[in-house]
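**Student:** Sending over input_31.csv (CSV, C-alpha atoms and all ligand atoms).
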chain,number,residue,atom,x,y,z
A,115,MET,CA,0.0,0.0,0.0
A,116,LEU,CA,1.3,3.5,-1.0
A,117,GLU,CA,0.3,6.5,1.1
A,118,LEU,CA,1.4,10.0,0.3
A,119,TYR,CA,1.6,12.8,2.9
A,120,HIS,CA,1.5,15.9,0.8
A,121,ASP,CA,0.0,19.3,0.1
A,122,TRP,CA,-1.9,19.6,-3.1
A,123,ARG,CA,-0.1,22.8,-4.1
A,124,SER,CA,3.4,22.0,-3.0
A,125,PHE,CA,6.1,21.9,-5.6
A,126,CYS,CA,7.8,18.7,-4.3
A,127,SER,CA,4.4,17.0,-3.8
A,128,ILE,CA,3.5,17.6,-7.4
A,129,LYS,CA,6.8,16.0,-8.4
A,130,VAL,CA,6.0,12.8,-6.6
A,131,ARG,CA,2.3,12.7,-7.6
A,132,LEU,CA,3.5,13.1,-11.3
A,133,CYS,CA,5.7,10.0,-10.9
A,134,LEU,CA,2.9,8.0,-9.3
A,135,ALA,CA,0.5,9.1,-12.0
A,136,GLU,CA,2.9,8.2,-14.9
A,137,LYS,CA,3.4,4.8,-13.3
A,138,GLY,CA,-0.4,4.4,-12.9
A,139,LEU,CA,0.0,3.6,-9.2
A,140,ASP,CA,-2.9,3.8,-6.7
A,141,TRP,CA,-2.1,5.7,-3.5
A,142,THR,CA,-3.9,7.0,-0.5
A,143,SER,CA,-3.8,10.8,0.2
A,144,HIS,CA,-3.0,12.4,3.5
A,145,PHE,CA,-3.3,16.1,3.2
A,146,VAL,CA,-0.7,18.1,5.2
A,147,ASP,CA,-1.8,21.7,5.1
A,148,LEU,CA,1.4,23.8,4.8
A,149,MET,CA,-0.6,26.9,5.3
A,150,LYS,CA,-1.5,25.7,8.8
A,151,LEU,CA,2.1,24.5,9.3
A,152,GLU,CA,0.8,20.9,9.9
A,153,HIS,CA,4.2,19.7,8.7
A,154,THR,CA,5.7,20.9,12.0
A,155,ARG,CA,3.3,18.7,14.1
A,156,PRO,CA,5.1,16.1,16.3
A,157,GLU,CA,3.1,13.2,14.7
A,158,TYR,CA,4.3,14.3,11.2
A,159,LEU,CA,7.9,14.9,12.3
A,160,LYS,CA,8.0,11.3,13.3
A,161,LEU,CA,7.5,10.4,9.7
A,162,ASN,CA,9.6,13.1,8.2
A,163,PRO,CA,12.1,14.7,10.7
A,164,ASN,CA,13.0,17.3,8.1
A,165,GLY,CA,9.5,18.8,8.6
A,166,VAL,CA,8.7,19.1,4.9
A,167,VAL,CA,6.3,17.5,2.4
A,168,PRO,CA,6.1,15.0,0.7
A,169,THR,CA,6.6,11.7,2.6
A,170,LEU,CA,5.7,8.4,0.9
A,171,VAL,CA,4.8,5.5,3.2
A,172,HIS,CA,5.1,2.1,1.5
A,173,ASP,CA,3.7,-0.7,3.5
A,174,GLY,CA,4.3,1.2,6.6
A,175,ALA,CA,7.9,2.3,5.8
A,176,PRO,CA,8.4,6.1,5.4
A,177,ILE,CA,10.5,7.4,2.5
A,178,ILE,CA,11.5,11.1,2.4
A,179,GLU,CA,13.0,13.5,-0.1
A,180,SER,CA,11.1,13.8,-3.4
A,181,THR,CA,14.0,12.8,-5.5
A,182,ILE,CA,14.7,9.7,-3.4
A,183,ILE,CA,11.0,8.9,-3.4
A,184,ASN,CA,10.9,9.0,-7.2
A,185,GLU,CA,14.0,6.9,-7.5
A,186,TYR,CA,12.5,4.4,-5.1
A,187,LEU,CA,9.3,4.3,-7.1
A,188,GLU,CA,11.3,3.7,-10.2
A,189,GLU,CA,13.2,0.8,-8.6
A,190,VAL,CA,10.2,-0.9,-7.0
A,191,PHE,CA,7.6,-0.3,-9.7
A,192,PRO,CA,9.6,-0.6,-13.0
A,193,ALA,CA,6.7,-1.7,-15.2
A,194,VAL,CA,6.4,1.9,-16.5
A,195,ARG,CA,10.0,3.1,-16.9
A,196,LEU,CA,10.9,6.7,-16.2
A,197,ALA,CA,14.7,6.2,-16.5
A,198,PRO,CA,16.3,5.9,-20.0
A,199,ASP,CA,18.0,2.7,-20.9
A,200,ASP,CA,21.1,4.5,-22.2
A,201,PRO,CA,23.6,5.1,-19.3
A,202,ARG,CA,24.5,8.6,-20.7
A,203,GLU,CA,20.9,9.6,-20.8
A,204,ARG,CA,20.5,8.2,-17.3
A,205,ALA,CA,23.5,10.5,-16.2
A,206,ALA,CA,21.8,13.4,-18.0
A,207,MET,CA,18.5,12.6,-16.2
A,208,ARG,CA,20.3,12.6,-12.8
A,209,PHE,CA,21.9,15.9,-13.6
A,210,TRP,CA,18.6,17.6,-14.4
A,211,VAL,CA,16.9,16.1,-11.3
A,212,LYS,CA,19.8,17.5,-9.2
A,213,TYR,CA,19.4,20.8,-11.0
A,214,GLU,CA,15.8,20.9,-9.9
A,215,ASP,CA,16.8,20.2,-6.3
A,216,ASP,CA,19.8,22.6,-6.3
A,217,VAL,CA,18.6,25.4,-8.6
A,218,LEU,CA,14.9,25.4,-9.7
A,219,HIS,CA,13.3,24.8,-6.3
A,220,PRO,CA,15.5,27.2,-4.3
A,221,ALA,CA,15.0,29.9,-7.1
A,222,ILE,CA,11.3,29.8,-6.8
A,223,ARG,CA,11.0,29.6,-3.0
A,224,PRO,CA,11.3,33.3,-2.2
A,225,ALA,CA,8.5,34.1,-4.6
A,226,THR,CA,6.4,31.2,-3.2
A,227,PHE,CA,6.8,32.4,0.4
A,228,SER,CA,6.2,36.1,-0.5
A,229,MET,CA,3.4,35.6,-3.0
A,230,MET,CA,1.6,32.4,-1.9
A,231,MET,CA,2.2,31.8,1.8
A,232,ALA,CA,2.6,35.3,3.2
A,233,GLN,CA,-1.1,36.3,3.3
A,234,GLU,CA,-2.2,33.0,4.7
A,235,LEU,CA,0.4,33.0,7.5
A,236,ALA,CA,-0.2,36.7,8.3
A,237,VAL,CA,-3.5,35.9,9.9
A,238,LEU,CA,-1.9,33.9,12.6
A,239,SER,CA,-1.4,35.6,16.0
A,240,ASP,CA,2.2,36.3,17.1
A,241,SER,CA,2.0,33.6,19.7
A,242,ASP,CA,0.6,31.0,17.3
A,243,LEU,CA,3.2,31.9,14.7
A,244,ASP,CA,6.0,31.8,17.3
A,245,ALA,CA,4.8,28.4,18.7
A,246,LEU,CA,4.7,26.9,15.2
A,247,MET,CA,8.0,28.3,14.1
A,248,ALA,CA,9.7,27.1,17.3
A,249,LYS,CA,8.8,23.5,16.2
A,250,HIS,CA,10.1,23.8,12.7
A,251,PRO,CA,13.2,21.6,12.4
A,252,ASN,CA,14.7,23.9,9.8
A,253,GLN,CA,15.2,27.2,11.6
A,254,GLN,CA,16.4,29.0,8.4
A,255,ARG,CA,13.1,28.1,6.7
A,256,ALA,CA,11.2,29.2,9.9
A,257,LYS,CA,13.0,32.5,9.7
A,258,GLU,CA,12.0,32.9,6.0
A,259,LEU,CA,8.4,32.0,6.8
A,260,ARG,CA,8.2,34.4,9.7
A,261,ALA,CA,9.6,37.2,7.6
A,262,ALA,CA,7.0,36.4,4.8
A,263,ALA,CA,4.2,36.6,7.4
A,264,ARG,CA,5.3,39.7,9.2
A,265,GLU,CA,7.5,41.8,7.0
A,266,PRO,CA,6.4,43.9,4.0
A,267,PHE,CA,6.5,42.3,0.6
A,268,ASN,CA,10.2,41.7,-0.2
A,269,GLU,CA,10.5,43.1,-3.7
A,270,ALA,CA,14.3,42.8,-3.8
A,271,ALA,CA,14.2,39.0,-2.9
A,272,VAL,CA,11.4,38.4,-5.5
A,273,GLY,CA,13.3,40.4,-8.1
A,274,ASP,CA,16.5,38.3,-7.5
A,275,ALA,CA,14.4,35.1,-7.6
A,276,LYS,CA,13.0,36.2,-10.9
A,277,ARG,CA,16.5,36.7,-12.4
A,278,ARG,CA,17.5,33.2,-11.2
A,279,MET,CA,14.4,31.7,-12.7
A,280,GLU,CA,15.1,33.5,-16.0
A,281,LEU,CA,18.6,32.0,-16.1
A,282,ALA,CA,17.3,28.6,-15.2
A,283,LEU,CA,14.7,28.7,-18.0
A,284,LEU,CA,17.4,29.8,-20.5
A,285,ARG,CA,19.4,26.8,-19.5
A,286,LEU,CA,16.4,24.5,-19.9
A,287,ASP,CA,15.7,26.0,-23.3
A,288,GLY,CA,19.3,25.4,-24.4
A,289,GLN,CA,19.0,21.7,-23.5
A,290,LEU,CA,15.6,21.4,-25.1
A,291,ALA,CA,17.0,22.9,-28.3
A,292,LYS,CA,19.2,19.8,-28.5
A,293,THR,CA,17.0,17.1,-27.3
A,294,GLU,CA,13.3,16.3,-27.2
A,295,TRP,CA,13.2,15.7,-23.5
A,296,LEU,CA,15.6,17.0,-20.8
A,297,ALA,CA,17.6,13.8,-20.6
A,298,GLY,CA,17.5,13.0,-24.3
A,299,THR,CA,15.1,10.9,-26.4
A,300,THR,CA,12.7,9.8,-23.6
A,301,TYR,CA,10.5,11.4,-21.1
A,302,SER,CA,12.1,10.7,-17.7
A,303,LEU,CA,12.3,11.6,-14.0
A,304,ALA,CA,14.2,14.7,-15.2
A,305,ASP,CA,11.0,16.1,-16.9
A,306,VAL,CA,9.0,14.9,-13.9
A,307,ALA,CA,11.2,16.9,-11.6
A,308,ALA,CA,11.0,20.1,-13.6
A,309,ALA,CA,7.3,20.0,-14.3
A,310,PRO,CA,6.3,21.5,-11.0
A,311,PHE,CA,8.5,24.5,-11.7
A,312,ILE,CA,6.3,25.4,-14.7
A,313,ASP,CA,3.1,24.9,-12.7
A,314,ARG,CA,4.4,27.2,-9.9
A,315,LEU,CA,5.5,29.9,-12.4
A,316,GLU,CA,2.0,29.8,-13.9
A,317,GLU,CA,0.4,30.0,-10.5
A,318,LEU,CA,2.5,33.0,-9.6
A,319,ASP,CA,1.8,34.6,-13.0
A,320,PHE,CA,5.4,34.4,-14.3
A,321,VAL,CA,4.3,32.9,-17.7
A,322,GLY,CA,6.0,35.8,-19.5
A,323,LEU,CA,9.4,34.3,-18.6
A,324,TRP,CA,9.2,31.8,-21.4
A,325,LYS,CA,7.7,34.1,-24.1
A,326,THR,CA,11.0,34.2,-26.0
A,327,LEU,CA,12.0,30.5,-25.3
A,328,PRO,CA,10.6,28.4,-28.1
A,329,ASN,CA,12.0,25.1,-26.9
A,330,VAL,CA,10.7,25.5,-23.4
A,331,ARG,CA,7.3,26.4,-24.9
A,332,ARG,CA,7.2,23.3,-27.1
A,333,TRP,CA,8.2,21.2,-24.0
A,334,ILE,CA,5.5,22.7,-21.9
A,335,VAL,CA,2.8,21.9,-24.5
A,336,VAL,CA,3.8,18.2,-24.8
A,337,MET,CA,4.3,17.8,-21.1
A,338,LYS,CA,0.8,19.2,-20.3
A,339,ALA,CA,-0.7,16.9,-23.0
A,340,ARG,CA,0.3,13.9,-20.9
A,341,PRO,CA,-2.7,12.6,-18.9
A,342,ALA,CA,-0.5,12.2,-15.8
A,343,TYR,CA,0.3,15.9,-15.8
A,344,GLN,CA,-3.4,16.8,-15.4
A,345,ASP,CA,-3.7,14.1,-12.7
A,346,ALA,CA,-0.8,15.4,-10.7
A,347,ILE,CA,-1.3,19.2,-10.7
A,348,PRO,CA,-3.8,20.6,-8.2
A,349,ASN,CA,-7.3,21.1,-9.6
A,350,ALA,CA,-9.1,24.4,-9.0
A,351,ARG,CA,-10.6,23.3,-5.7
A,352,GLN,CA,-7.3,22.0,-4.4
A,353,ARG,CA,-5.6,25.3,-5.3
A,354,PHE,CA,-8.1,27.1,-3.0
A,355,ALA,CA,-6.0,27.0,0.1
A,356,ALA,CA,-8.8,27.7,2.6
A,357,ALA,CA,-10.5,24.4,1.6
A,358,LYS,CA,-9.8,21.5,4.0
A,359,LEU,CA,-9.0,18.6,1.7
A,360,VAL,CA,-8.2,15.0,2.4
A,401,LIG,N1,14.4,18.5,-0.6
A,401,LIG,C1,13.0,18.3,-0.1
A,401,LIG,C2,12.4,19.6,-0.1
A,401,LIG,C3,11.0,19.5,0.5
A,401,LIG,C4,10.3,20.9,0.6
A,401,LIG,O1,11.0,21.9,0.7
A,401,LIG,N2,9.0,20.9,0.7
A,401,LIG,C5,8.3,22.1,0.8
A,401,LIG,C6,7.1,22.1,-0.1
A,401,LIG,S1,7.5,22.0,-1.8
A,401,LIG,C7,7.8,22.3,2.2
A,401,LIG,O2,7.4,21.4,2.9
A,401,LIG,N3,7.9,23.5,2.7
A,401,LIG,C8,7.5,23.9,4.0
A,401,LIG,C9,8.6,24.5,4.9
A,401,LIG,O3,9.7,24.5,4.4
A,401,LIG,O4,8.2,24.9,6.0
A,401,LIG,C10,12.3,17.3,-1.1
A,401,LIG,O5,12.5,17.3,-2.3
A,401,LIG,O6,11.4,16.5,-0.6
Show me this structure written as structure tokens.

**Tutor:**
Amino acid sequence: MLELYHDWRSFCSIKVRLCLAEKGLDWTSHFVDLMKLEHTRPEYLKLNPNGVVPTLVHDGAPIIESTIINEYLEEVFPAVRLAPDDPRERAAMRFWVKYEDDVLHPAIRPATFSMMMAQELAVLSDSDLDALMAKHPNQQRAKELRAAAREPFNEAAVGDAKRRMELALLRLDGQLAKTEWLAGTTYSLADVAAAPFIDRLEELDFVGLWKTLPNVRRWIVVMKARPAYQDAIPNARQRFAAAKLV
């Protein structure tokens, strides 16, 4: 049995849901509401001591870190392959998955905190916010979340994030000018890892960033046409953060 602890809108949760959907695997949903900082609750920290989503639980065993979860799914459920056969393409796949972890996700985080989470966290009282932040295992993240909730919109940080996102998209475009998919000839975990970046940019209204990038635009169209993409991204109801979803 596969269970996923996730938030419908979270970048890393989309990445794992996309892998599950591509592989046609059934899973049980446990919604962890990031806006209510449910990921810092003691019962969740027992599953994921890093205090982040997602966590996959397979037959009772928790697996954390979205990249590792997707590799695990690839190993344990190989019927639908998401890793190329060719070792060089597999190396390229690993590079782009790492690029997502090291560059894409960190590039978008300041904009996510300031533009998606700030308003929702701002309604918490000082004492509630303090209590929740004190429990966060990543005190740097807690500091960033607190700043998003209490400080004015950080235009400089979002501007810097936008420049980093532009550079990252340029790099993706350069690769996609040479190959059909990020790792080469086949759709792979590399595309799965990068897909949530596009969804988040759309949600934050940064779609203009790929106006002049024809290869990224082509890739987005084919990626979105995959039925799994539509299964994995949040639907309109799930994007409405105030809704309590299971
Ligand atoms: N490297 C981790 C990152 C997980 C992560 O940062 N998750 C975000 C949502 S995409 C989260 O839980 N953020 C809440 C927080 O940091 O407080 C992974 O890939 O699983």

**Student:** What gap, in Å, lies between atom CA of A:Leu196 and atom CA of A:Leu218?

**Tutor:**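 Computed distance, atom CA of A:Leu196 to atom CA of A:Leu218, equals 20.2 Å.
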
**Student:** List all protein, DNA and RNA residues that have any atom at most 7 Å from ligand LIG 401 (chain A), counting only C-alpha atoms and all ligand atoms, and write the list as a list in words.

**Tutor:**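 Written in the requested form, the residues are Ser124, Phe125, Cys126, Ser127, Leu148, Leu151, His153, Gly165, Val166, Val167, Pro168, Ile178, Glu179, Ser180, Thr181, Asp215, Arg255 and Ala256 of chain A.
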
**Student:** From the options A:Ala175, A:Leu303, A:Asp287, A:Lys325, which residue's atoms come nearest to A:Arg131, counting only C-alpha atoms?

**Tutor:**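 Of all the options, A:Leu303 lies closest to A:Arg131.
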
**Student:** Within 10 Å of (9.8, 10.6, 9.0), all atoms listed in the file: residues as an MDAnalysis selection string?

**Tutor:** chainID A and resid 157:166 169:171 175:178

**Student:** Do you know which residues are at most 10 Å from A:Gly288 counting all atoms listed in the file, after dropping those on the same chain fewer than 6 positions away, and could you put them as a list in words?

**Tutor:**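 Near neighbours after the sequence-gap exclusion: Ala282, Leu296, Leu327, Pro328, Asn329 and Val330 of chain A.
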
**Student:** Restricting the calculation to all atoms listed in the file, which member of A:Glu188, A:Glu317, A:Glu214, A:Glu117 is positioned closest to A:Ala304?

**Tutor:**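 So, comparing all the options, the nearest one is A:Glu214.
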
**Student:** So the first atom is atom CA of A:Trp210 and the second is atom CA of A:Pro310; what is the distance between them in Å, to one decimal place?

**Tutor:**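 Atom CA of A:Pro310 lies at a distance of 13.3 Å from atom CA of A:Trp210.
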
**Student:** Within 12 Å of stretch 183-187 of chain A, which residues of stretch 193-228 of chain A come that close, and what is the closest atom pair and distance in Å for each? Count all atoms listed in the file and give it as JSON lines.

**Tutor:**
{"residue": "A:Ala193", "atom": "CA", "partner": "A:Leu187", "partner_atom": "CA", "distance": 10.4}
{"residue": "A:Val194", "atom": "CA", "partner": "A:Leu187", "partner_atom": "CA", "distance": 10.1}
{"residue": "A:Arg195", "atom": "CA", "partner": "A:Leu187", "partner_atom": "CA", "distance": 9.9}
{"residue": "A:Leu196", "atom": "CA", "partner": "A:Glu185", "partner_atom": "CA", "distance": 9.2}
{"residue": "A:Ala197", "atom": "CA", "partner": "A:Glu185", "partner_atom": "CA", "distance": 9.1}
{"residue": "A:Arg204", "atom": "CA", "partner": "A:Glu185", "partner_atom": "CA", "distance": 11.8}
{"residue": "A:Met207", "atom": "CA", "partner": "A:Glu185", "partner_atom": "CA", "distance": 11.3}
{"residue": "A:Arg208", "atom": "CA", "partner": "A:Glu185", "partner_atom": "CA", "distance": 10.0}
{"residue": "A:Val211", "atom": "CA", "partner": "A:Asn184", "partner_atom": "CA", "distance": 10.2}

**Student:** Which one is closest to A:Gln352: A:Ala263, A:Asp121, A:Asp319, A:Asp313? Count all atoms listed in the file.

**Tutor:**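 Of all the options, A:Asp121 lies closest to A:Gln352.
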
**Student:** Separation of atom CA of A:Lys276 and atom CA of A:Ala236, in Å?

**Tutor:**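 One can read the atom CA of A:Lys276 to atom CA of A:Ala236 distance as 23.3 Å.
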
**Student:** Between A:Asp216, A:Glu265, A:Glu294, A:Glu280, which has the minimum distance to A:Ala307 (counting all atoms listed in the file)?

**Tutor:**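 Among the listed residues, the smallest separation from A:Ala307 belongs to A:Asp216.
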
**Student:** With distances taken over only C-alpha atoms, which residue among A:Arg340, A:Arg155, A:Arg332, A:Arg202 lies nearest A:His250?

**Tutor:**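 Closest candidate: A:Arg155.
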
**Student:** So, counting all atoms listed in the file, which residue among A:Gln289, A:Gln233, A:Glu269, A:Pro192 is closest to A:Glu136?

**Tutor:**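 Checking each candidate against A:Glu136, we get A:Pro192 as the closest.
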
**Student:** Write out as a ChimeraX atom specification the residues lying within 10 Å of A:Leu259, counting only C-alpha atoms and excluding same-chain residues fewer than 2 positions away.

**Tutor:** /A:224,227-228,231-232,235-236,243,247,253-257,261-265

**Student:** As a VMD selection string, please: the residues near A:Ala221 (cut-off 6 Å, only C-alpha atoms, same-chain neighbours under 3 positions excluded).

**Tutor:** chain A and resid 217 to 218 275 278 to 279

**Student:** Could you write those residues out with C-alpha atoms, as an mmCIF file, in the coordinates of the input?

**Tutor:**
data_model
loop_
_atom_site.group_PDB
_atom_site.id
_atom_site.type_symbol
_atom_site.label_atom_id
_atom_site.label_comp_id
_atom_site.auth_asym_id
_atom_site.auth_seq_id
_atom_site.Cartn_x
_atom_site.Cartn_y
_atom_site.Cartn_z
ATOM 1 C CA VAL A 217 18.600 25.400 -8.600
ATOM 2 C CA LEU A 218 14.900 25.400 -9.700
ATOM 3 C CA ALA A 275 14.400 35.100 -7.600
ATOM 4 C CA ARG A 278 17.500 33.200 -11.200
ATOM 5 C CA MET A 279 14.400 31.700 -12.700
#

**Student:** Kindly complete stretch 117-129 of chain A to N, CA, C and O atoms; the output should be written as an mmCIF file, in the coordinates of the input.

**Tutor:**
data_model
loop_
_atom_site.group_PDB
_atom_site.id
_atom_site.type_symbol
_atom_site.label_atom_id
_atom_site.label_comp_id
_atom_site.auth_asym_id
_atom_site.auth_seq_id
_atom_site.Cartn_x
_atom_site.Cartn_y
_atom_site.Cartn_z
ATOM 1 N N GLU A 117 1.028 5.323 0.555
ATOM 2 C CA GLU A 117 0.300 6.500 1.100
ATOM 3 C C GLU A 117 1.240 7.698 0.903
ATOM 4 O O GLU A 117 2.458 7.605 1.070
ATOM 5 N N LEU A 118 0.626 8.829 0.553
ATOM 6 C CA LEU A 118 1.400 10.000 0.300
ATOM 7 C C LEU A 118 0.942 11.141 1.257
ATOM 8 O O LEU A 118 -0.246 11.491 1.265
ATOM 9 N N TYR A 119 1.875 11.633 2.047
ATOM 10 C CA TYR A 119 1.600 12.800 2.900
ATOM 11 C C TYR A 119 2.103 13.997 2.068
ATOM 12 O O TYR A 119 3.291 14.086 1.708
ATOM 13 N N HIS A 120 1.175 14.900 1.751
ATOM 14 C CA HIS A 120 1.500 15.900 0.800
ATOM 15 C C HIS A 120 0.560 17.121 0.909
ATOM 16 O O HIS A 120 -0.485 17.028 1.554
ATOM 17 N N ASP A 121 0.946 18.204 0.283
ATOM 18 C CA ASP A 121 0.000 19.300 0.100
ATOM 19 C C ASP A 121 -0.252 19.430 -1.359
ATOM 20 O O ASP A 121 0.668 19.297 -2.179
ATOM 21 N N TRP A 122 -1.520 19.656 -1.711
ATOM 22 C CA TRP A 122 -1.900 19.600 -3.100
ATOM 23 C C TRP A 122 -1.045 20.631 -3.938
ATOM 24 O O TRP A 122 -0.692 20.394 -5.075
ATOM 25 N N ARG A 123 -0.732 21.788 -3.317
ATOM 26 C CA ARG A 123 -0.100 22.800 -4.100
ATOM 27 C C ARG A 123 1.448 22.767 -4.036
ATOM 28 O O ARG A 123 2.125 23.490 -4.739
ATOM 29 N N SER A 124 1.985 21.936 -3.146
ATOM 30 C CA SER A 124 3.400 22.000 -3.000
ATOM 31 C C SER A 124 4.189 21.424 -4.173
ATOM 32 O O SER A 124 3.842 20.394 -4.767
ATOM 33 N N PHE A 125 5.234 22.152 -4.501
ATOM 34 C CA PHE A 125 6.100 21.900 -5.600
ATOM 35 C C PHE A 125 6.612 20.397 -5.571
ATOM 36 O O PHE A 125 6.482 19.629 -6.533
ATOM 37 N N CYS A 126 7.183 20.021 -4.426
ATOM 38 C CA CYS A 126 7.800 18.700 -4.300
ATOM 39 C C CYS A 126 6.726 17.594 -4.270
ATOM 40 O O CYS A 126 6.988 16.447 -4.664
ATOM 41 N N SER A 127 5.527 17.954 -3.787
ATOM 42 C CA SER A 127 4.400 17.000 -3.800
ATOM 43 C C SER A 127 3.963 16.703 -5.199
ATOM 44 O O SER A 127 3.676 15.550 -5.573
ATOM 45 N N ILE A 128 3.908 17.754 -6.020
ATOM 46 C CA ILE A 128 3.500 17.600 -7.400
ATOM 47 C C ILE A 128 4.482 16.629 -8.118
ATOM 48 O O ILE A 128 4.100 15.742 -8.888
ATOM 49 N N LYS A 129 5.753 16.824 -7.804
ATOM 50 C CA LYS A 129 6.800 16.000 -8.400
ATOM 51 C C LYS A 129 6.562 14.498 -8.157
ATOM 52 O O LYS A 129 6.666 13.666 -9.061
#
